[in-house]
>>> print(open('target24.txt').read())   # compact mmCIF, C-alpha atoms
# COMPACT_ATOMS: atom_id res chain seq x y z
CA MET I 562 129.54 123.08 77.32
CA ARG I 563 128.23 125.19 80.21
CA ILE I 564 125.49 127.79 80.49
CA THR I 565 126.79 131.35 80.77
CA LYS I 566 123.66 133.49 80.35
CA VAL I 567 119.88 133.02 80.57
CA PHE I 568 117.26 135.33 79.03
CA HIS I 569 113.48 134.96 79.14
CA TRP I 570 110.28 136.50 77.78
CA LEU I 571 106.66 136.19 78.89
CA ILE I 572 104.57 136.25 75.73
CA ARG I 573 100.92 135.84 74.82
CA VAL I 574 99.70 134.81 71.39
CA PRO I 575 95.95 135.38 70.86
CA PHE I 576 93.58 132.68 69.74
CA THR I 577 91.51 133.05 66.60
CA GLU I 578 88.47 132.32 68.78
CA ASP I 579 87.83 131.92 72.51
CA ILE I 580 88.27 128.41 73.85
CA LEU I 581 85.63 127.14 76.31
CA TRP I 582 86.38 124.44 78.86
CA GLY I 583 85.21 123.32 82.27
CA SER I 584 87.53 125.77 84.05
CA GLY I 585 86.56 128.88 82.11
CA ARG I 586 87.36 130.77 78.91
CA ARG I 587 90.81 131.02 77.28
CA ILE I 588 91.55 133.97 75.00
CA GLY I 589 95.11 133.05 74.04
CA THR I 590 98.18 131.14 75.11
CA THR I 591 100.65 132.67 77.56
CA ARG I 592 104.10 131.07 77.40
CA LEU I 593 107.49 131.64 78.97
CA VAL I 594 110.27 131.44 76.37
CA CYS I 595 113.92 131.32 77.32
CA ARG I 596 117.28 131.45 75.57
CA ILE I 597 120.52 130.17 77.02
CA GLU I 598 124.02 131.07 75.89
CA THR I 599 126.96 128.73 76.45
CA ASP I 600 130.73 128.95 76.67
CA ALA I 601 130.88 127.09 73.34
CA GLY I 602 129.02 129.87 71.56
CA ILE I 603 125.93 127.68 71.06
CA THR I 604 122.50 128.94 72.05
CA GLY I 605 119.50 126.90 73.13
CA TRP I 606 115.83 127.81 73.25
CA GLY I 607 113.05 126.55 75.51
CA GLU I 608 109.36 127.18 76.15
CA THR I 609 106.85 126.35 78.83
CA ILE I 610 103.20 126.85 79.62
CA SER I 611 102.50 129.80 81.92
CA LEU I 612 98.97 129.69 83.28
CA ILE I 613 99.67 131.10 86.74
CA ALA I 614 102.03 133.71 88.16
CA ASN I 615 104.36 131.29 89.92
CA VAL I 616 105.90 130.21 86.60
CA PRO I 617 107.76 133.41 85.66
CA ALA I 618 108.51 134.08 89.33
CA VAL I 619 110.13 130.70 89.97
CA PHE I 620 111.99 130.86 86.65
CA ALA I 621 113.47 134.31 87.34
CA ASP I 622 114.16 133.84 91.07
CA VAL I 623 115.34 130.22 91.20
CA VAL I 624 115.74 128.36 87.90
CA ALA I 625 117.72 130.96 85.91
CA PRO I 626 120.22 131.79 88.67
CA LEU I 627 120.87 128.11 89.43
CA ALA I 628 121.44 127.37 85.73
CA ILE I 629 124.52 129.58 85.38
CA GLY I 630 127.57 127.34 85.11
CA TYR I 631 125.57 124.15 84.55
CA PRO I 632 126.70 121.71 81.83
CA VAL I 633 123.88 121.46 79.31
CA THR I 634 123.99 117.68 79.72
CA ASP I 635 122.94 117.78 83.38
CA VAL I 636 119.17 118.03 82.97
CA GLU I 637 118.43 115.50 85.71
CA ARG I 638 120.64 117.34 88.18
CA LEU I 639 119.06 120.72 87.40
CA HIS I 640 115.57 119.32 87.94
CA ARG I 641 116.50 117.94 91.35
CA HIS I 642 118.51 121.05 92.24
CA VAL I 643 115.42 123.25 91.87
CA LEU I 644 113.34 120.84 93.95
CA GLY I 645 116.13 120.75 96.52
CA ALA I 646 116.04 124.54 96.75
CA GLY I 647 112.78 124.15 98.65
CA PHE I 648 110.42 123.36 95.81
CA TYR I 649 109.97 119.72 96.77
CA HIS I 650 107.31 121.32 98.98
CA HIS I 651 105.70 122.89 95.91
CA LYS I 652 106.58 120.48 93.11
CA ARG I 653 103.62 121.38 90.92
CA ALA I 654 104.63 125.04 91.19
CA ALA I 655 108.19 124.34 90.08
CA VAL I 656 107.88 121.89 87.19
CA MET I 657 106.61 124.38 84.62
CA ALA I 658 109.45 126.80 85.33
CA ILE I 659 112.06 124.03 85.15
CA ALA I 660 110.70 122.79 81.82
CA ALA I 661 111.66 125.88 79.79
CA LEU I 662 115.31 125.81 80.88
CA GLU I 663 115.56 122.04 80.52
CA MET I 664 114.25 122.21 76.95
CA ALA I 665 116.85 124.86 76.11
CA MET I 666 119.58 122.57 77.47
CA TRP I 667 118.46 119.77 75.15
CA ASP I 668 118.27 122.16 72.22
CA ALA I 669 121.85 123.31 72.79
CA LEU I 670 123.06 119.72 73.25
CA GLY I 671 121.42 118.62 70.00
CA LYS I 672 123.01 121.52 68.16
CA GLN I 673 126.43 120.65 69.58
CA ALA I 674 125.99 117.01 68.55
CA GLY I 675 124.55 117.94 65.14
CA LEU I 676 121.55 115.66 65.84
CA PRO I 677 117.76 116.10 66.11
CA LEU I 678 116.49 115.47 69.61
CA TYR I 679 114.79 112.18 68.79
CA ALA I 680 118.22 110.79 67.90
CA LEU I 681 119.39 111.50 71.47
CA TRP I 682 116.46 109.57 72.96
CA GLY I 683 116.79 106.18 71.31
CA GLY I 684 116.20 107.12 67.69
CA ARG I 685 113.20 107.46 65.44
CA TRP I 686 110.42 104.97 66.18
CA ARG I 687 107.72 106.41 63.91
CA LYS I 688 107.98 108.29 60.63
CA ASP I 689 105.43 111.01 61.45
CA VAL I 690 103.17 112.00 64.35
CA GLU I 691 99.38 111.96 64.27
CA ALA I 692 97.56 114.93 65.82
CA ALA I 693 94.03 114.91 67.23
CA ALA I 694 91.52 117.58 66.23
CA TYR I 695 90.57 119.43 69.41
CA LEU I 696 87.06 120.90 69.83
CA PHE I 697 86.00 123.50 72.41
CA THR I 698 82.34 124.51 72.60
CA ASN I 699 79.37 123.81 74.86
CA ASP I 700 76.91 124.19 71.95
CA PRO I 701 76.13 120.99 70.01
CA ALA I 702 74.88 123.01 67.02
CA ALA I 703 78.17 124.91 66.83
CA LEU I 704 80.19 121.71 67.24
CA LYS I 705 78.98 120.10 64.02
CA PRO I 706 80.53 122.53 61.47
CA ARG I 707 83.76 122.71 63.50
CA LEU I 708 84.08 118.94 63.40
CA GLN I 709 83.45 118.96 59.68
CA ARG I 710 86.22 121.50 59.09
CA PHE I 711 88.75 119.28 60.85
CA LEU I 712 87.41 116.23 59.03
CA ASP I 713 87.79 117.99 55.69
CA SER I 714 91.38 118.87 56.66
CA GLY I 715 92.32 115.21 56.97
CA TYR I 716 92.17 114.59 60.72
CA GLU I 717 91.35 111.03 61.78
CA THR I 718 91.19 111.40 65.60
CA PHE I 719 88.91 113.84 67.45
CA LYS I 720 88.81 115.16 71.00
CA VAL I 721 85.81 117.02 72.39
CA LYS I 722 85.58 118.96 75.64
CA ILE I 723 82.58 117.97 77.73
CA GLY I 724 82.10 118.55 81.45
CA PHE I 725 79.82 121.59 81.15
CA ASP I 726 76.64 119.88 82.40
CA GLU I 727 74.98 116.45 82.26
CA LYS I 728 72.77 117.13 79.25
CA SER I 729 75.44 118.61 77.01
CA ASP I 730 77.85 115.76 77.86
CA ILE I 731 75.61 113.43 75.90
CA LEU I 732 74.49 115.83 73.18
CA LEU I 733 78.05 116.92 72.34
CA THR I 734 79.18 113.30 72.19
CA GLU I 735 76.25 112.24 70.02
CA THR I 736 76.88 115.13 67.63
CA ALA I 737 80.56 114.26 67.33
CA ARG I 738 79.89 110.59 66.67
CA ASN I 739 77.33 111.40 63.98
CA VAL I 740 79.79 113.65 62.15
CA ILE I 741 83.03 111.65 62.41
CA GLY I 742 81.58 108.18 61.95
CA GLY I 743 83.70 105.37 63.35
CA ARG I 744 86.88 107.43 63.84
CA PRO I 745 88.45 107.60 67.34
CA LEU I 746 86.59 109.99 69.66
CA ARG I 747 88.03 111.22 72.96
CA LEU I 748 86.00 113.05 75.61
CA ASP I 749 87.59 115.37 78.18
CA VAL I 750 85.68 116.12 81.39
CA ASN I 751 88.38 118.17 83.20
CA GLY I 752 87.40 116.71 86.57
CA ALA I 753 83.82 118.01 86.53
CA TRP I 754 82.07 114.79 87.63
CA ASN I 755 81.58 113.27 91.05
CA ILE I 756 81.76 109.50 91.30
CA ALA I 757 77.99 108.95 91.08
CA THR I 758 77.69 111.17 88.00
CA ALA I 759 80.67 109.42 86.44
CA LYS I 760 79.03 106.01 86.76
CA ARG I 761 75.79 107.27 85.22
CA GLN I 762 77.43 109.27 82.42
CA LEU I 763 79.84 106.51 81.44
CA GLU I 764 76.91 104.15 81.02
CA LYS I 765 75.10 106.69 78.82
CA LEU I 766 78.27 107.34 76.78
CA LYS I 767 79.09 103.67 76.22
CA PRO I 768 77.00 103.33 73.02
CA PHE I 769 79.08 106.10 71.41
CA ASP I 770 82.26 104.01 71.85
CA PRO I 771 84.64 106.69 73.15
CA ALA I 772 88.33 105.86 72.80
CA TYR I 773 88.58 107.15 76.34
CA VAL I 774 87.04 109.58 78.81
CA GLU I 775 89.70 111.89 80.21
CA GLN I 776 89.92 113.04 83.82
CA PRO I 777 86.33 112.29 84.82
CA LEU I 778 86.99 112.99 88.53
CA GLU I 779 89.01 115.66 90.32
CA LEU I 780 92.75 115.19 90.10
CA ASP I 781 93.47 113.82 93.61
CA ASP I 782 90.85 111.06 93.48
CA LEU I 783 92.95 108.11 92.36
CA ALA I 784 90.79 105.68 94.32
CA GLY I 785 87.71 106.89 92.46
CA HIS I 786 89.45 106.61 89.11
CA ALA I 787 90.65 103.11 89.99
CA ALA I 788 87.05 102.12 90.72
CA LEU I 789 85.98 103.45 87.32
CA VAL I 790 88.82 101.60 85.58
CA ALA I 791 87.77 98.38 87.28
CA GLY I 792 84.05 98.80 86.68
CA SER I 793 83.58 100.53 83.33
CA PRO I 794 84.12 99.22 79.78
CA VAL I 795 84.87 102.82 78.72
CA PRO I 796 88.64 103.43 79.03
CA ILE I 797 89.71 106.06 81.57
CA ALA I 798 92.53 108.50 80.84
CA LEU I 799 94.28 110.73 83.37
CA ASP I 800 95.85 114.12 82.65
CA GLU I 801 95.70 116.59 85.54
CA SER I 802 96.40 113.66 87.88
CA ALA I 803 99.55 112.77 85.93
CA TYR I 804 101.91 115.76 86.13
CA THR I 805 105.02 114.53 87.89
CA LEU I 806 106.97 111.29 87.93
CA SER I 807 105.61 110.61 91.41
CA ASP I 808 102.09 111.08 90.08
CA ILE I 809 102.76 108.43 87.42
CA GLY I 810 104.05 105.99 90.02
CA ASN I 811 100.95 106.51 92.14
CA ILE I 812 98.63 106.04 89.15
CA VAL I 813 100.32 102.78 88.17
CA ARG I 814 100.29 101.43 91.72
CA ALA I 815 96.61 102.33 92.09
CA GLN I 816 95.68 100.92 88.65
CA ALA I 817 93.84 104.21 88.15
CA ALA I 818 94.19 104.73 84.38
CA ASP I 819 93.94 102.88 81.08
CA VAL I 820 95.65 105.78 79.24
CA VAL I 821 97.92 108.56 80.53
CA LEU I 822 98.39 112.03 79.05
CA LEU I 823 101.88 113.41 79.63
CA ASP I 824 103.12 116.99 79.33
CA PRO I 825 106.81 117.94 79.60
CA HIS I 826 105.90 121.37 80.99
CA GLU I 827 103.90 119.78 83.79
CA ALA I 828 106.45 117.03 84.40
CA GLY I 829 109.42 119.38 84.68
CA GLY I 830 111.10 118.55 81.40
CA LEU I 831 111.50 116.34 78.38
CA TRP I 832 113.65 113.81 80.24
CA GLN I 833 111.05 113.45 83.00
CA THR I 834 108.45 112.78 80.30
CA ILE I 835 110.59 110.05 78.76
CA LYS I 836 110.95 108.41 82.17
CA ALA I 837 107.22 108.66 82.85
CA ALA I 838 106.43 107.08 79.48
CA ALA I 839 108.80 104.21 80.28
CA ILE I 840 107.01 103.49 83.55
CA CYS I 841 103.73 103.31 81.65
CA GLU I 842 105.28 101.16 78.92
CA ALA I 843 106.44 98.65 81.52
CA VAL I 844 102.83 97.98 82.56
CA GLY I 845 101.24 98.20 79.11
CA ILE I 846 99.70 101.68 79.39
CA PRO I 847 99.72 103.76 76.17
CA VAL I 848 100.48 107.45 76.53
CA THR I 849 99.86 110.62 74.57
CA LEU I 850 100.61 114.33 75.06
CA HIS I 851 98.38 117.01 76.57
CA SER I 852 98.16 120.33 74.74
CA GLY I 853 98.27 123.77 76.29
CA ALA I 854 98.50 125.59 72.94
CA GLU I 855 102.18 124.99 72.26
CA LEU I 856 104.15 127.43 70.15
CA ALA I 857 106.89 126.31 67.78
CA LEU I 858 109.50 125.33 70.38
CA SER I 859 107.25 123.14 72.49
CA GLN I 860 105.42 121.78 69.47
CA SER I 861 108.73 120.62 68.00
CA ALA I 862 109.70 119.07 71.34
CA TYR I 863 106.38 117.19 71.38
CA ILE I 864 107.05 115.80 67.91
CA HIS I 865 110.53 114.60 68.89
CA LEU I 866 109.06 112.89 71.96
CA ALA I 867 106.29 111.24 69.97
CA ALA I 868 108.71 110.16 67.24
CA SER I 869 110.97 108.36 69.70
CA ILE I 870 108.73 106.88 72.44
CA PRO I 871 107.22 103.51 71.40
CA ASN I 872 104.13 103.59 73.63
CA LEU I 873 103.30 107.17 72.67
CA SER I 874 101.14 105.37 70.20
CA ILE I 875 97.97 107.45 69.99
CA ALA I 876 97.47 110.85 68.40
CA ILE I 877 98.84 113.79 70.37
CA ASP I 878 96.62 116.69 71.40
CA THR I 879 97.27 119.97 69.61
CA GLU I 880 95.64 123.40 69.67
CA ARG I 881 97.62 124.80 66.74
CA ALA I 882 94.43 125.37 64.75
CA TYR I 883 93.48 128.13 67.22
CA LEU I 884 96.78 130.05 67.31
CA GLY I 885 96.69 133.58 65.91
CA GLY I 886 100.47 133.65 65.42
CA ASP I 887 103.77 132.05 66.37
CA ILE I 888 107.36 132.92 67.24
CA CYS I 889 109.36 131.36 64.43
CA ALA I 890 109.59 131.31 60.67
CA ASN I 891 109.73 127.52 60.31
CA PRO I 892 107.16 126.05 62.71
CA PRO I 893 106.50 122.30 62.60
CA VAL I 894 104.59 121.25 59.50
CA LEU I 895 101.08 119.90 60.11
CA ALA I 896 99.27 118.48 57.09
CA ASP I 897 96.34 116.03 56.87
CA GLY I 898 96.33 115.76 60.64
CA ARG I 899 99.98 114.65 60.89
CA PHE I 900 103.22 116.38 61.86
CA GLU I 901 106.46 115.95 59.97
CA VAL I 902 109.41 115.09 62.22
CA PRO I 903 112.10 117.83 62.18
CA GLU I 904 115.52 116.64 61.03
CA GLU I 905 117.58 119.73 61.89
CA PRO I 906 119.84 119.63 64.99
CA GLY I 907 118.23 120.21 68.37
CA LEU I 908 114.58 121.23 68.32
CA GLY I 909 114.90 122.15 64.66
CA VAL I 910 113.14 125.53 64.72
CA VAL I 911 114.53 129.05 64.35
CA ILE I 912 113.12 131.77 66.61
CA ASP I 913 112.19 135.22 65.32
CA GLU I 914 113.11 137.52 68.22
CA GLY I 915 111.03 140.28 66.67
CA SER I 916 107.96 138.10 67.25
CA LEU I 917 108.95 137.64 70.87
CA GLU I 918 108.91 141.39 71.34
CA ARG I 919 105.65 141.77 69.41
CA TYR I 920 103.86 139.27 71.66
CA ARG I 921 105.61 140.21 74.88
CA VAL I 922 103.39 140.83 77.94
CA SER I 923 103.92 141.55 81.62
CA ASP I 924 101.01 139.59 83.05
CA ILE I 925 99.01 136.38 82.67
CA ALA I 926 95.40 136.75 81.56
CA GLY I 927 92.61 134.75 80.02
CA ALA I 928 93.55 131.27 81.20
CA TYR I 929 90.87 130.60 83.81
CA LEU I 930 87.53 132.08 84.86
CA ASP I 931 85.24 133.79 82.35
CA LYS I 932 84.76 137.56 82.07
CA GLN I 933 81.40 136.97 80.42
CA ARG I 934 80.21 135.34 83.69
CA ALA I 935 81.56 137.70 86.34
CA ASP I 936 80.32 135.81 89.42
CA TRP I 937 81.10 132.32 88.10
CA PHE I 938 84.10 130.19 88.99
CA PRO I 939 84.80 126.47 88.45
CA VAL I 940 84.23 123.93 91.19
CA LYS I 941 85.67 120.41 91.02
CA PRO I 942 83.57 118.27 90.98
CA ALA I 943 80.83 120.43 89.52
CA TYR I 944 78.01 117.89 89.21
>>> encode(input="target24.txt", output="structure tokens")
Amino acid sequence: MRITKVFHWLIRVPFTEDILWGSGRRIGTTRLVCRIETDAGITGWGETISLIANVPAVFADVVAPLAIGYPVTDVERLHRHVLGAGFYHHKRAAVMAIAALEMAMWDALGKQAGLPLYALWGGRWRKDVEAAAYLFTNDPAALKPRLQRFLDSGYETFKVKIGFDEKSDILLTETARNVIGGRPLRLDVNGAWNIATAKRQLEKLKPFDPAYVEQPLELDDLAGHAALVAGSPVPIALDESAYTLSDIGNIVRAQAADVVLLDPHEAGGLWQTIKAAAICEAVGIPVTLHSGAELALSQSAYIHLAASIPNLSIAIDTERAYLGGDICANPPVLADGRFEVPEEPGLGVVIDEGSLERYRVSDIAGAYLDKQRADWFPVKPAY
């Protein structure tokens, strides 16, 4: 079964509220969605995160043309073909564009086989998938009722963005711990700390027993993260440092993380994510999945990954609570903080093409910076 046609849409679904993080203000999620047609009459759908303009450009100029004639089984070859077309120089610019097409290839293959994707990746390891409540505010007073809403909805794991300034790091954490009790609490710094601040803040945060502190230092500083892993009782997780398979190898060699967050869009595909998880499994590192506000296609792919990978053993990030819409009639079911695993062939979701047109855009906006602070821009490290 070979690819005969490739179509794509750039879409933006608004958030129900602005999301604040260390790199700015997000007003919605911009995604690239693609559909492939095959010579067997089977279609496949894929989705990727699209935060910067290189994603649709690389998809349209390189990924889509190369895909014509490809067997849908050859996901590894397609990934390396795009890198070999010059993008080994710019791997982080290419992986997000590759991911949409690669996901569509898996979707078509699953439909041809009549199997859900988890069945193609070793079978079902867990019966459902826990999701973490995700909190975005720099105001401790505003954080408390938001935490309570997630708690009342049945969530058992919580993730809070910090990294705004030294004082709020502690106040936000203290507020969260007081509301959620002894439940797992994750803290995400987004690379805002320098090494001296990290040592001081980790010591202050230790009494609140965080499950981990994510990306405390800027993404290239593996030596600094390794020093924190060796010297701090608070577990260290890496996300922005852990995009590609090469990144994972470097992290493991450097002993720079206790936990790794993976993302198929930032790895260049679902298969690359499976390989990255296996590397971590071999050295005893648990993994989870980063969220960039996935719509139905990517959310379903996440669930299939989490259902089949043994060491994807901690709750996955999700921003579904903030989505103001979606692109399909049967999105993954999230209840009491857990996702059901789709059993239909392929990804298991059906796309509403009318929704694609309704949310279609021609540009990327509202991912970084902050229009309410015109002269501000993020610096890593910030303090």
>>> closest_residue(input="target24.txt", among="I:Gly585, I:Pro575, I:Gly898, I:Gly671", to="I:Ile603", atoms="only C-alpha atoms")
I:Gly671
>>> closest_residue(input="target24.txt", among="I:Leu789, I:Val902, I:Val911, I:Ala857", to="I:Leu884", atoms="only C-alpha atoms")
I:Ala857
>>> closest_residue(input="target24.txt", among="I:Ile741, I:Ala818, I:Ile572, I:Val690", to="I:Ser793", atoms="all atoms listed in the file")
I:Ala818
>>> atom_distance(input="target24.txt", atom1="atom CA of I:Glu717", atom2="atom CA of I:Glu801")
24.8 Å
>>> residues_near_point(input="target24.txt", point="(88.4, 132.8, 68.4)", cutoff="12 Å", atoms="only C-alpha atoms", output="list in words")
Val574, Pro575, Phe576, Thr577, Glu578, Asp579, Ile580, Leu581, Arg586, Arg587, Ile588, Gly589, Thr590, Phe697, Thr698, Glu880, Ala882, Tyr883, Leu884 and Gly885 of chain I
>>> closest_residue(input="target24.txt", among="I:Ala928, I:Ala890, I:Ala896, I:Leu856", to="I:Ile613", atoms="only C-alpha atoms")
I:Ala928
>>> closest_residue(input="target24.txt", among="I:Pro794, I:Gly742, I:Gly927, I:Gly647", to="I:Lys765", atoms="only C-alpha atoms")
I:Pro794
>>> atom_distance(input="target24.txt", atom1="atom CA of I:Arg592", atom2="atom CA of I:Arg710")
27.3 Å
>>> atom_distance(input="target24.txt", atom1="atom CA of I:Val623", atom2="atom CA of I:Ala862")
23.5 Å
>>> closest_residue(input="target24.txt", among="I:Val821, I:His651, I:Val633, I:Ala658", to="I:Val616", atoms="all atoms listed in the file")
I:Ala658
>>> residues_around(input="target24.txt", residues="I:Ile870", least_positions_apart="4", cutoff="8 Å", atoms="all atoms listed in the file", output="list in words")
Trp686, Ile835, Ala838 and Leu866 of chain I
>>> residues_around(input="target24.txt", residues="I:Ala839", least_positions_apart="3", cutoff="12 Å", atoms="all atoms listed in the file", output="PyMOL selection string")
chain I and resi 682+806+809-810+813+821+823+832-836+842-848+869-873
>>> residues_near_point(input="target24.txt", point="(103.9, 129.0, 88.8)", cutoff="10 Å", atoms="all atoms listed in the file", output="ChimeraX atom specification")
/I:610-620,651-658
>>> write_last_selection(input="target24.txt", atoms="C-alpha atoms", output="mmCIF file, keeping the file's coordinate frame")
data_model
loop_
_atom_site.group_PDB
_atom_site.id
_atom_site.type_symbol
_atom_site.label_atom_id
_atom_site.label_comp_id
_atom_site.auth_asym_id
_atom_site.auth_seq_id
_atom_site.Cartn_x
_atom_site.Cartn_y
_atom_site.Cartn_z
ATOM 1 C CA ILE I 610 103.200 126.850 79.620
ATOM 2 C CA SER I 611 102.500 129.800 81.920
ATOM 3 C CA LEU I 612 98.970 129.690 83.280
ATOM 4 C CA ILE I 613 99.670 131.100 86.740
ATOM 5 C CA ALA I 614 102.030 133.710 88.160
ATOM 6 C CA ASN I 615 104.360 131.290 89.920
ATOM 7 C CA VAL I 616 105.900 130.210 86.600
ATOM 8 C CA PRO I 617 107.760 133.410 85.660
ATOM 9 C CA ALA I 618 108.510 134.080 89.330
ATOM 10 C CA VAL I 619 110.130 130.700 89.970
ATOM 11 C CA PHE I 620 111.990 130.860 86.650
ATOM 12 C CA HIS I 651 105.700 122.890 95.910
ATOM 13 C CA LYS I 652 106.580 120.480 93.110
ATOM 14 C CA ARG I 653 103.620 121.380 90.920
ATOM 15 C CA ALA I 654 104.630 125.040 91.190
ATOM 16 C CA ALA I 655 108.190 124.340 90.080
ATOM 17 C CA VAL I 656 107.880 121.890 87.190
ATOM 18 C CA MET I 657 106.610 124.380 84.620
ATOM 19 C CA ALA I 658 109.450 126.800 85.330
#
>>> axis_aligned_box(input="target24.txt", around="stretch 717-725 of chain I", padding_each_side="6 Å", output="lines of an AutoDock Vina configuration file")
center_x = 85.6
center_y = 116.3
center_z = 71.6
size_x = 23.5
size_y = 22.6
size_z = 31.7
>>> residues_around(input="target24.txt", residues="I:Ala628", least_positions_apart="2", cutoff="8 Å", atoms="only C-alpha atoms", output="list in words")
Ile564, Val567, Val624, Ala625, Pro626, Gly630, Tyr631, Leu639 and Leu662 of chain I
>>> residues_around(input="target24.txt", residues="I:Cys889", least_positions_apart="4", cutoff="12 Å", atoms="all atoms listed in the file", output="PyMOL selection string")
chain I and resi 594+606+856-861+893+909-917
>>> decode(input="target24.txt", residues="stretch 895-901 of chain I", atoms="all heavy atoms", output="mmCIF file, in the first residue's frame")
data_model
loop_
_atom_site.group_PDB
_atom_site.id
_atom_site.type_symbol
_atom_site.label_atom_id
_atom_site.label_comp_id
_atom_site.auth_asym_id
_atom_site.auth_seq_id
_atom_site.Cartn_x
_atom_site.Cartn_y
_atom_site.Cartn_z
ATOM 1 N N LEU I 895 -12.105 11.085 28.056
ATOM 2 C CA LEU I 895 -11.373 11.379 29.283
ATOM 3 C C LEU I 895 -12.378 11.527 30.418
ATOM 4 O O LEU I 895 -13.220 12.425 30.397
ATOM 5 C CB LEU I 895 -10.566 12.674 29.124
ATOM 6 C CG LEU I 895 -9.819 13.205 30.354
ATOM 7 C CD1 LEU I 895 -8.804 12.201 30.864
ATOM 8 C CD2 LEU I 895 -9.141 14.533 30.024
ATOM 9 N N ALA I 896 -12.299 10.635 31.395
ATOM 10 C CA ALA I 896 -13.221 10.678 32.535
ATOM 11 C C ALA I 896 -12.453 10.332 33.803
ATOM 12 O O ALA I 896 -11.631 9.401 33.819
ATOM 13 C CB ALA I 896 -14.371 9.685 32.331
ATOM 14 N N ASP I 897 -12.712 11.090 34.873
ATOM 15 C CA ASP I 897 -12.034 10.870 36.160
ATOM 16 C C ASP I 897 -10.519 10.860 36.006
ATOM 17 O O ASP I 897 -9.812 10.098 36.672
ATOM 18 C CB ASP I 897 -12.512 9.555 36.793
ATOM 19 C CG ASP I 897 -13.996 9.586 37.131
ATOM 20 O OD1 ASP I 897 -14.482 10.649 37.544
ATOM 21 O OD2 ASP I 897 -14.662 8.554 36.959
ATOM 22 N N GLY I 898 -10.025 11.731 35.112
ATOM 23 C CA GLY I 898 -8.584 11.853 34.942
ATOM 24 C C GLY I 898 -7.934 10.696 34.212
ATOM 25 O O GLY I 898 -6.705 10.546 34.288
ATOM 26 N N ARG I 899 -8.702 9.897 33.467
ATOM 27 C CA ARG I 899 -8.137 8.751 32.746
ATOM 28 C C ARG I 899 -8.741 8.677 31.355
ATOM 29 O O ARG I 899 -9.919 8.960 31.157
ATOM 30 C CB ARG I 899 -8.377 7.452 33.518
ATOM 31 C CG ARG I 899 -7.923 7.489 34.967
ATOM 32 C CD ARG I 899 -7.956 6.120 35.616
ATOM 33 N NE ARG I 899 -6.775 5.339 35.273
ATOM 34 C CZ ARG I 899 -5.630 5.380 35.953
ATOM 35 N NH1 ARG I 899 -5.513 6.171 36.999
ATOM 36 N NH2 ARG I 899 -4.612 4.634 35.594
ATOM 37 N N PHE I 900 -7.911 8.289 30.385
ATOM 38 C CA PHE I 900 -8.354 8.092 29.014
ATOM 39 C C PHE I 900 -8.687 6.628 28.760
ATOM 40 O O PHE I 900 -7.927 5.732 29.158
ATOM 41 C CB PHE I 900 -7.256 8.487 28.021
ATOM 42 C CG PHE I 900 -7.097 9.964 27.813
ATOM 43 C CD1 PHE I 900 -5.998 10.635 28.341
ATOM 44 C CD2 PHE I 900 -8.017 10.679 27.070
ATOM 45 C CE1 PHE I 900 -5.823 11.992 28.129
ATOM 46 C CE2 PHE I 900 -7.860 12.046 26.855
ATOM 47 C CZ PHE I 900 -6.763 12.702 27.387
ATOM 48 N N GLU I 901 -9.792 6.393 28.068
ATOM 49 C CA GLU I 901 -10.066 5.069 27.522
ATOM 50 C C GLU I 901 -9.148 4.831 26.332
ATOM 51 O O GLU I 901 -8.788 5.764 25.612
ATOM 52 C CB GLU I 901 -11.521 4.959 27.072
ATOM 53 C CG GLU I 901 -12.543 5.039 28.190
ATOM 54 C CD GLU I 901 -13.967 4.927 27.659
ATOM 55 O OE1 GLU I 901 -14.139 4.584 26.455
ATOM 56 O OE2 GLU I 901 -14.905 5.174 28.439
#
